[in-house]
$ cat work_39.pdb   # PDB, C-alpha atoms and all ligand atoms
ATOM      1  CA  MET A  14      56.942 -70.934 -22.357
ATOM      2  CA  GLY A  15      54.053 -68.595 -21.532
ATOM      3  CA  ILE A  16      50.573 -69.640 -22.426
ATOM      4  CA  SER A  17      48.328 -66.930 -23.748
ATOM      5  CA  VAL A  18      44.625 -67.483 -23.598
ATOM      6  CA  HIS A  19      41.838 -65.514 -25.197
ATOM      7  CA  VAL A  20      38.972 -64.942 -22.798
ATOM      8  CA  LEU A  21      35.854 -65.168 -24.961
ATOM      9  CA  HIS A  22      33.340 -64.871 -22.199
ATOM     10  CA  GLN A  23      33.243 -63.752 -18.588
ATOM     11  CA  ALA A  24      30.274 -64.108 -16.237
ATOM     12  CA  PRO A  25      29.494 -64.732 -12.559
ATOM     13  CA  ILE A  26      29.647 -68.421 -11.528
ATOM     14  CA  GLY A  27      25.936 -68.301 -10.608
ATOM     15  CA  ILE A  28      25.113 -68.339 -14.337
ATOM     16  CA  LEU A  29      26.720 -71.769 -14.580
ATOM     17  CA  THR A  30      25.623 -73.205 -11.225
ATOM     18  CA  ASN A  31      22.007 -72.350 -12.098
ATOM     19  CA  ARG A  32      22.372 -74.649 -15.089
ATOM     20  CA  PHE A  33      24.379 -77.369 -13.284
ATOM     21  CA  ARG A  34      23.617 -77.766  -9.579
ATOM     22  CA  SER A  35      26.520 -80.196  -9.210
ATOM     23  CA  LEU A  36      28.817 -77.136  -9.452
ATOM     24  CA  ASP A  37      27.095 -75.351  -6.542
ATOM     25  CA  PHE A  38      30.149 -75.779  -4.322
ATOM     26  CA  LEU A  39      31.964 -73.255  -6.555
ATOM     27  CA  ASN A  40      29.676 -70.370  -5.530
ATOM     28  CA  GLY A  41      31.825 -68.064  -3.387
ATOM     29  CA  HIS A  42      34.678 -70.590  -3.329
ATOM     30  CA  THR A  43      38.176 -69.322  -2.451
ATOM     31  CA  VAL A  44      40.793 -70.966  -4.670
ATOM     32  CA  GLN A  45      43.830 -72.319  -2.883
ATOM     33  CA  LYS A  46      46.697 -70.143  -4.136
ATOM     34  CA  LEU A  47      48.884 -72.780  -5.766
ATOM     35  CA  ASP A  48      51.570 -71.634  -8.239
ATOM     36  CA  ARG A  49      50.175 -73.818 -10.988
ATOM     37  CA  ARG A  50      46.809 -72.070 -10.720
ATOM     38  CA  ARG A  51      48.275 -68.595 -11.178
ATOM     39  CA  TRP A  52      47.453 -66.669 -14.359
ATOM     40  CA  HIS A  53      48.360 -63.163 -15.453
ATOM     41  CA  ARG A  54      45.482 -61.122 -16.786
ATOM     42  CA  GLY A  55      46.937 -57.851 -18.049
ATOM     43  CA  GLU A  56      47.992 -56.020 -14.892
ATOM     44  CA  LYS A  57      46.178 -58.452 -12.616
ATOM     45  CA  THR A  58      46.881 -61.962 -11.348
ATOM     46  CA  SER A  59      44.223 -64.578 -10.803
ATOM     47  CA  HIS A  60      44.105 -68.106  -9.377
ATOM     48  CA  ASP A  61      41.843 -70.271 -11.469
ATOM     49  CA  LEU A  62      40.303 -73.713 -11.427
ATOM     50  CA  GLN A  63      40.777 -74.838 -15.025
ATOM     51  CA  CYS A  64      38.775 -77.464 -16.829
ATOM     52  CA  ILE A  65      40.015 -78.098 -20.346
ATOM     53  CA  PHE A  66      38.508 -79.975 -23.257
ATOM     54  CA  ILE A  67      40.877 -81.891 -25.508
ATOM     55  CA  GLY A  68      40.531 -84.409 -28.305
ATOM     56  CA  LYS A  69      40.874 -84.734 -32.031
ATOM     57  CA  THR A  70      39.629 -82.065 -34.377
ATOM     58  CA  GLY A  71      35.898 -82.271 -35.074
ATOM     59  CA  TYR A  72      35.057 -84.301 -31.956
ATOM     60  CA  GLY A  73      32.939 -81.452 -30.630
ATOM     61  CA  LYS A  74      35.071 -79.631 -28.050
ATOM     62  CA  SER A  75      33.756 -76.183 -29.001
ATOM     63  CA  THR A  76      30.190 -77.481 -29.378
ATOM     64  CA  THR A  77      30.382 -79.057 -25.905
ATOM     65  CA  ILE A  78      31.482 -75.822 -24.235
ATOM     66  CA  ASN A  79      28.786 -73.876 -26.107
ATOM     67  CA  SER A  80      26.158 -76.356 -24.852
ATOM     68  CA  ILE A  81      27.431 -76.090 -21.287
ATOM     69  CA  ILE A  82      27.327 -72.304 -21.348
ATOM     70  CA  GLY A  83      24.128 -72.151 -23.388
ATOM     71  CA  LYS A  84      25.599 -69.674 -25.912
ATOM     72  CA  GLU A  85      27.160 -70.044 -29.355
ATOM     73  CA  LEU A  86      30.452 -68.413 -28.374
ATOM     74  CA  PHE A  87      33.070 -70.840 -29.605
ATOM     75  CA  ALA A  88      33.361 -71.290 -33.375
ATOM     76  CA  THR A  89      32.350 -74.725 -34.633
ATOM     77  CA  ASP A  90      32.636 -76.215 -38.084
ATOM     78  CA  ALA A  91      31.670 -79.501 -39.699
ATOM     79  CA  THR A  92      34.350 -79.417 -42.389
ATOM     80  CA  ARG A  93      37.354 -77.402 -41.299
ATOM     81  CA  SER A  94      39.553 -77.460 -38.255
ATOM     82  CA  CYS A  95      38.279 -74.472 -36.386
ATOM     83  CA  THR A  96      40.007 -73.743 -33.138
ATOM     84  CA  LYS A  97      43.593 -72.623 -33.709
ATOM     85  CA  GLU A  98      44.349 -70.927 -30.444
ATOM     86  CA  LEU A  99      43.474 -71.299 -26.817
ATOM     87  CA  TYR A 100      40.115 -69.873 -25.905
ATOM     88  CA  CYS A 101      38.200 -69.962 -22.665
ATOM     89  CA  ALA A 102      35.039 -68.946 -20.887
ATOM     90  CA  ASP A 103      35.601 -67.686 -17.344
ATOM     91  CA  PHE A 104      33.219 -67.670 -14.394
ATOM     92  CA  MET A 105      34.019 -65.411 -11.447
ATOM     93  CA  LEU A 106      33.788 -67.300  -8.146
ATOM     94  CA  ARG A 107      33.293 -64.275  -5.878
ATOM     95  CA  ASP A 108      32.063 -60.777  -6.692
ATOM     96  CA  GLY A 109      34.889 -58.477  -7.693
ATOM     97  CA  GLU A 110      37.611 -61.057  -6.953
ATOM     98  CA  GLU A 111      40.038 -62.320  -9.551
ATOM     99  CA  ASP A 112      39.477 -66.065  -9.102
ATOM    100  CA  PHE A 113      37.726 -68.012 -11.810
ATOM    101  CA  PHE A 114      36.382 -71.373 -12.854
ATOM    102  CA  SER A 115      37.499 -71.545 -16.449
ATOM    103  CA  LEU A 116      36.410 -73.787 -19.318
ATOM    104  CA  GLY A 117      39.229 -73.997 -21.885
ATOM    105  CA  ASP A 118      38.899 -75.066 -25.510
ATOM    106  CA  LEU A 119      42.126 -76.370 -26.995
ATOM    107  CA  PRO A 120      42.885 -76.856 -30.682
ATOM    108  CA  GLY A 121      42.158 -80.346 -31.949
ATOM    109  CA  VAL A 122      44.920 -82.710 -32.919
ATOM    110  CA  GLY A 123      45.019 -84.673 -36.143
ATOM    111  CA  GLU A 124      45.388 -81.662 -38.449
ATOM    112  CA  SER A 125      49.000 -82.075 -39.520
ATOM    113  CA  VAL A 126      52.174 -83.492 -38.004
ATOM    114  CA  ALA A 127      53.676 -80.000 -37.568
ATOM    115  CA  ALA A 128      50.543 -78.622 -35.949
ATOM    116  CA  ASP A 129      50.269 -81.680 -33.706
ATOM    117  CA  ARG A 130      53.830 -81.156 -32.496
ATOM    118  CA  GLU A 131      53.038 -77.560 -31.585
ATOM    119  CA  TYR A 132      49.708 -78.431 -29.976
ATOM    120  CA  LEU A 133      51.085 -81.347 -27.975
ATOM    121  CA  GLY A 134      53.569 -78.941 -26.379
ATOM    122  CA  TRP A 135      50.681 -76.623 -25.570
ATOM    123  CA  TYR A 136      48.628 -79.481 -24.205
ATOM    124  CA  ARG A 137      51.418 -80.508 -21.856
ATOM    125  CA  ASP A 138      51.981 -76.944 -20.616
ATOM    126  CA  PHE A 139      48.303 -76.459 -20.183
ATOM    127  CA  LEU A 140      47.726 -79.803 -18.492
ATOM    128  CA  ALA A 141      50.202 -78.904 -15.798
ATOM    129  CA  LYS A 142      47.899 -75.991 -14.945
ATOM    130  CA  THR A 143      44.563 -77.747 -14.969
ATOM    131  CA  ASP A 144      42.354 -79.301 -12.304
ATOM    132  CA  CYS A 145      40.203 -81.322 -14.695
ATOM    133  CA  VAL A 146      40.659 -82.610 -18.236
ATOM    134  CA  VAL A 147      37.677 -83.637 -20.336
ATOM    135  CA  TYR A 148      39.019 -85.917 -23.029
ATOM    136  CA  LEU A 149      36.560 -86.245 -25.899
ATOM    137  CA  LEU A 150      35.856 -89.310 -28.018
ATOM    138  CA  ARG A 151      33.137 -90.016 -30.543
ATOM    139  CA  ALA A 152      30.655 -92.778 -29.768
ATOM    140  CA  ASP A 153      30.033 -93.391 -33.496
ATOM    141  CA  GLN A 154      33.698 -94.083 -34.185
ATOM    142  CA  ARG A 155      35.075 -97.551 -34.881
ATOM    143  CA  ASP A 156      38.650 -97.361 -33.740
ATOM    144  CA  TYR A 157      40.172 -95.531 -30.776
ATOM    145  CA  SER A 158      43.836 -96.365 -31.421
ATOM    146  CA  ILE A 159      44.983 -92.805 -32.331
ATOM    147  CA  ASP A 160      43.048 -91.343 -29.402
ATOM    148  CA  CYS A 161      44.610 -93.951 -27.170
ATOM    149  CA  GLN A 162      48.134 -92.984 -28.282
ATOM    150  CA  LEU A 163      47.424 -89.328 -27.571
ATOM    151  CA  PHE A 164      45.872 -90.221 -24.208
ATOM    152  CA  ASP A 165      48.881 -92.308 -23.205
ATOM    153  CA  SER A 166      51.388 -89.658 -24.225
ATOM    154  CA  LEU A 167      49.580 -86.922 -22.314
ATOM    155  CA  LEU A 168      47.408 -88.301 -19.576
ATOM    156  CA  LYS A 169      48.614 -91.712 -18.463
ATOM    157  CA  GLU A 170      49.958 -90.347 -15.188
ATOM    158  CA  SER A 171      47.044 -88.044 -14.450
ATOM    159  CA  ARG A 172      44.055 -90.358 -14.868
ATOM    160  CA  GLY A 173      42.625 -89.054 -11.595
ATOM    161  CA  ARG A 174      41.991 -85.664 -13.181
ATOM    162  CA  VAL A 175      40.427 -87.031 -16.369
ATOM    163  CA  VAL A 176      36.822 -87.428 -17.436
ATOM    164  CA  ILE A 177      36.282 -89.124 -20.790
ATOM    165  CA  GLY A 178      33.340 -87.631 -22.680
ATOM    166  CA  LEU A 179      31.861 -90.002 -25.264
ATOM    167  CA  ASN A 180      30.254 -87.456 -27.575
ATOM    168  CA  TYR A 181      28.001 -87.941 -30.645
ATOM    169  CA  CYS A 182      25.725 -90.470 -28.917
ATOM    170  CA  ASP A 183      22.881 -89.230 -31.138
ATOM    171  CA  LYS A 184      24.752 -90.839 -34.055
ATOM    172  CA  VAL A 185      25.021 -94.298 -32.481
ATOM    173  CA  GLU A 186      23.175 -96.916 -34.547
ATOM    174  CA  PRO A 187      20.283 -97.404 -35.038
ATOM    175  CA  VAL A 188      19.837 -93.618 -35.348
ATOM    176  CA  ASN A 189      16.396 -92.354 -34.306
ATOM    177  CA  ARG A 190      14.574 -89.120 -34.991
ATOM    178  CA  ARG A 191      13.198 -88.413 -31.507
ATOM    179  CA  SER A 192      13.176 -84.742 -30.673
ATOM    180  CA  PRO A 193      14.545 -83.883 -28.167
ATOM    181  CA  PHE A 194      17.036 -86.694 -28.566
ATOM    182  CA  MET A 195      16.650 -89.728 -26.295
ATOM    183  CA  PRO A 196      18.446 -92.983 -27.047
ATOM    184  CA  THR A 197      16.281 -96.008 -27.835
ATOM    185  CA  ALA A 198      16.830 -99.211 -25.816
ATOM    186  CA  GLU A 199      18.938-100.560 -28.674
ATOM    187  CA  GLN A 200      21.042 -97.392 -28.842
ATOM    188  CA  GLU A 201      21.503 -97.552 -25.073
ATOM    189  CA  ARG A 202      22.844-101.079 -25.404
ATOM    190  CA  ASN A 203      25.266 -99.978 -28.137
ATOM    191  CA  ILE A 204      26.320 -96.926 -26.121
ATOM    192  CA  SER A 205      27.070 -99.195 -23.113
ATOM    193  CA  LEU A 206      29.188-101.416 -25.359
ATOM    194  CA  LYS A 207      31.121 -98.345 -26.535
ATOM    195  CA  VAL A 208      31.703 -97.230 -22.943
ATOM    196  CA  GLN A 209      33.072-100.685 -22.117
ATOM    197  CA  GLU A 210      35.240-100.715 -25.263
ATOM    198  CA  ALA A 211      36.708 -97.305 -24.385
ATOM    199  CA  ALA A 212      37.254 -98.362 -20.746
ATOM    200  CA  ASN A 213      39.275-101.390 -21.926
ATOM    201  CA  CYS A 214      41.193 -99.431 -24.534
ATOM    202  CA  PHE A 215      42.123 -96.536 -22.189
ATOM    203  CA  SER A 216      42.384 -98.679 -19.017
ATOM    204  CA  VAL A 217      40.039 -96.417 -17.080
ATOM    205  CA  ASP A 218      37.088 -97.129 -14.813
ATOM    206  CA  PRO A 219      33.895 -97.124 -16.964
ATOM    207  CA  ALA A 220      32.368 -94.764 -14.372
ATOM    208  CA  ARG A 221      34.749 -92.092 -15.680
ATOM    209  CA  ILE A 222      33.397 -92.397 -19.224
ATOM    210  CA  ILE A 223      30.305 -90.298 -19.756
ATOM    211  CA  PRO A 224      28.187 -90.802 -22.880
ATOM    212  CA  PHE A 225      26.549 -87.584 -24.082
ATOM    213  CA  SER A 226      25.608 -85.544 -27.121
ATOM    214  CA  ALA A 227      26.867 -81.965 -27.281
ATOM    215  CA  ALA A 228      24.722 -81.136 -30.306
ATOM    216  CA  GLU A 229      21.541 -82.456 -28.644
ATOM    217  CA  GLY A 230      22.396 -81.415 -25.087
ATOM    218  CA  TRP A 231      21.740 -85.003 -23.947
ATOM    219  CA  ASN A 232      23.416 -86.111 -20.668
ATOM    220  CA  LEU A 233      25.341 -82.844 -20.212
ATOM    221  CA  ASP A 234      24.224 -82.943 -16.566
ATOM    222  CA  ARG A 235      26.051 -86.228 -16.052
ATOM    223  CA  LEU A 236      29.139 -84.890 -17.803
ATOM    224  CA  MET A 237      29.190 -81.879 -15.481
ATOM    225  CA  MET A 238      28.613 -84.083 -12.407
ATOM    226  CA  ALA A 239      31.738 -86.013 -13.347
ATOM    227  CA  VAL A 240      33.647 -82.727 -13.823
ATOM    228  CA  ALA A 241      32.373 -81.506 -10.430
ATOM    229  CA  ARG A 242      33.585 -84.714  -8.767
ATOM    230  CA  VAL A 243      37.101 -84.315 -10.171
ATOM    231  CA  ILE A 244      37.320 -80.595  -9.351
ATOM    232  CA  SER A 245      36.038 -81.029  -5.783
ATOM    233  CA  HIS A 246      38.592 -83.784  -5.241
ATOM    234  CA  GLU A 247      41.397 -81.423  -6.377
ATOM    235  CA  LEU A 248      40.391 -78.495  -4.101
TER     236      LEU A 248
HETATM  237  N1  LIG A 301      25.418 -84.983 -34.555
HETATM  238  C1  LIG A 301      26.316 -84.396 -33.738
HETATM  239  N2  LIG A 301      27.138 -83.450 -34.222
HETATM  240  C2  LIG A 301      28.022 -82.877 -33.367
HETATM  241  C3  LIG A 301      28.080 -83.227 -31.992
HETATM  242  N3  LIG A 301      29.059 -82.486 -31.408
HETATM  243  C4  LIG A 301      29.591 -81.712 -32.376
HETATM  244  N4  LIG A 301      28.970 -81.928 -33.562
HETATM  245  C5  LIG A 301      29.264 -81.280 -34.848
HETATM  246  O1  LIG A 301      30.605 -81.596 -35.208
HETATM  247  C6  LIG A 301      31.213 -80.525 -35.903
HETATM  248  C7  LIG A 301      32.557 -80.194 -35.273
HETATM  249  O2  LIG A 301      32.366 -79.751 -33.954
HETATM  250  P1  LIG A 301      33.354 -78.711 -33.230
HETATM  251  O3  LIG A 301      32.717 -78.381 -31.913
HETATM  252  O4  LIG A 301      33.724 -77.596 -34.137
HETATM  253  O5  LIG A 301      34.618 -79.654 -33.021
HETATM  254  P2  LIG A 301      36.032 -79.295 -32.309
HETATM  255  O6  LIG A 301      36.416 -80.503 -31.522
HETATM  256  O7  LIG A 301      35.909 -78.021 -31.536
HETATM  257  O8  LIG A 301      36.996 -79.133 -33.562
HETATM  258  P3  LIG A 301      38.371 -78.271 -33.684
HETATM  259  O9  LIG A 301      38.088 -76.888 -33.194
HETATM  260  O10 LIG A 301      38.690 -78.322 -35.128
HETATM  261  O11 LIG A 301      39.387 -78.972 -32.850
HETATM  262  C8  LIG A 301      30.199 -79.365 -35.852
HETATM  263  O12 LIG A 301      29.511 -79.319 -37.084
HETATM  264  C9  LIG A 301      29.257 -79.758 -34.743
HETATM  265  O13 LIG A 301      27.937 -79.268 -34.935
HETATM  266  C10 LIG A 301      27.157 -84.220 -31.501
HETATM  267  O14 LIG A 301      27.097 -84.585 -30.325
HETATM  268  N5  LIG A 301      26.310 -84.772 -32.429
HETATM  269 MG    MG A 302      36.890 -76.195 -31.782
END

$ encode --input "work_39.pdb" --output "structure tokens"
Amino acid sequence: MGISVHVLHQAPIGILTNRFRSLDFLNGHTVQKLDRRRWHRGEKTSHDLQCIFIGKTGYGKSTTINSIIGKELFATDATRSCTKELYCADFMLRDGEEDFFSLGDLPGVGESVAADREYLGWYRDFLAKTDCVVYLLRADQRDYSIDCQLFDSLLKESRGRVVIGLNYCDKVEPVNRRSPFMPTAEQERNISLKVQEAANCFSVDPARIIPFSAAEGWNLDRLMMAVARVISHEL
């Protein structure tokens, strides 16, 4: 099955590496021409390093990518499931060359059984073509069992390519009103407990679980450092 992706945004990689120095190694990088990295763009073919964001609907995939890019490009919504197709933001690695670092926003699961079936197929196809998967959870959530099922069915074998993003840290109790957001000592303790809980539940190294807040832009640097580590390992 072909995967069609809507490119919402295209810019030189320097725009992104200026925001996240951990991605500096991508400036001018030549992508190894593996089959799985090949994409057709109209008449042209490109070889891309893909980083995709997956997780249940409303966990903040689109908000996270918007915060990374620093633009409100991807639609977000508090009440409805928003992302129905595959969208991405592409960053050109070398001037005039068709190789990209691409941030992909996949539709959330948990909408309906029929939609989940369709999306899971997409996820699998897409996963086979990615270098890094950012799997989103919510830090203010009580139970990770559904997320764990999805994780096991999709990512058990490819843990090495996964970063778990623990979003919504601004909503961890006891909520504070600091602006810009910074967790209090008590919130930090509760966030650490959540990281440990997720590490046990998903059987991953806690170092791969990055607490952050997409809405507040808190700890995005650390999230991108973890992404950079995975991508550089895959090169
Ligand atoms: N307080 C808080 N709100 C957030 C955070 N991240 C996302 N949100 C809000 O959560 C809602 C849903 O976020 P989206 O980015 O649309 O979620 P999504 O995962 O892309 O959802 P689908 O496209 O339906 O799969 C929006 O109203 C966001 O503003 C966060 O870190 N903290
Ligand atoms: Mg979305």

$ residues_near_ligand --input "work_39.pdb" --ligand "ligand LIG 301 (chain A)" --cutoff "8 Å" --atoms "all atoms listed in the file" --output "NGL selection string"
:A and (67-77 or 87-97 or 118-122 or 180-184 or 225-230)

$ closest_residue --input "work_39.pdb" --among "A:Asn79, A:Ser245, A:Asn232, A:Thr58" --to "ligand MG 302 (chain A)" --atoms "only C-alpha atoms and all ligand atoms"
A:Asn79

$ residues_around --input "work_39.pdb" --residues "His53 of chain A" --least-positions-apart "2" --cutoff "12 Å" --atoms "all atoms listed in the file" --output "ChimeraX atom specification"
/A:15-19,48-51,55-61,111-112

$ atom_distance --input "work_39.pdb" --atom1 "atom CA of Leu168 of chain A" --atom2 "atom CA of Asp138 of chain A"
12.3 Å

$ residues_around --input "work_39.pdb" --residues "Met238 of chain A" --least-positions-apart "3" --cutoff "6 Å" --atoms "all atoms listed in the file" --output "ChimeraX atom specification"
/A:35,235,241

$ resolve_selection --input "work_39.pdb" --expression "the PyMOL selection byres (((chain A and resi 143-149) around 8) and not hetatm)" --output "JSON, numbers by chain"
{"A": [49, 50, 62, 63, 64, 65, 66, 67, 68, 69, 72, 73, 74, 139, 140, 141, 142, 150, 151, 174, 175, 176, 177, 178, 179, 180, 240, 243, 244, 247]}

$ atom_distance --input "work_39.pdb" --atom1 "atom CA of Arg54 of chain A" --atom2 "atom CA of Glu110 of chain A"
12.6 Å
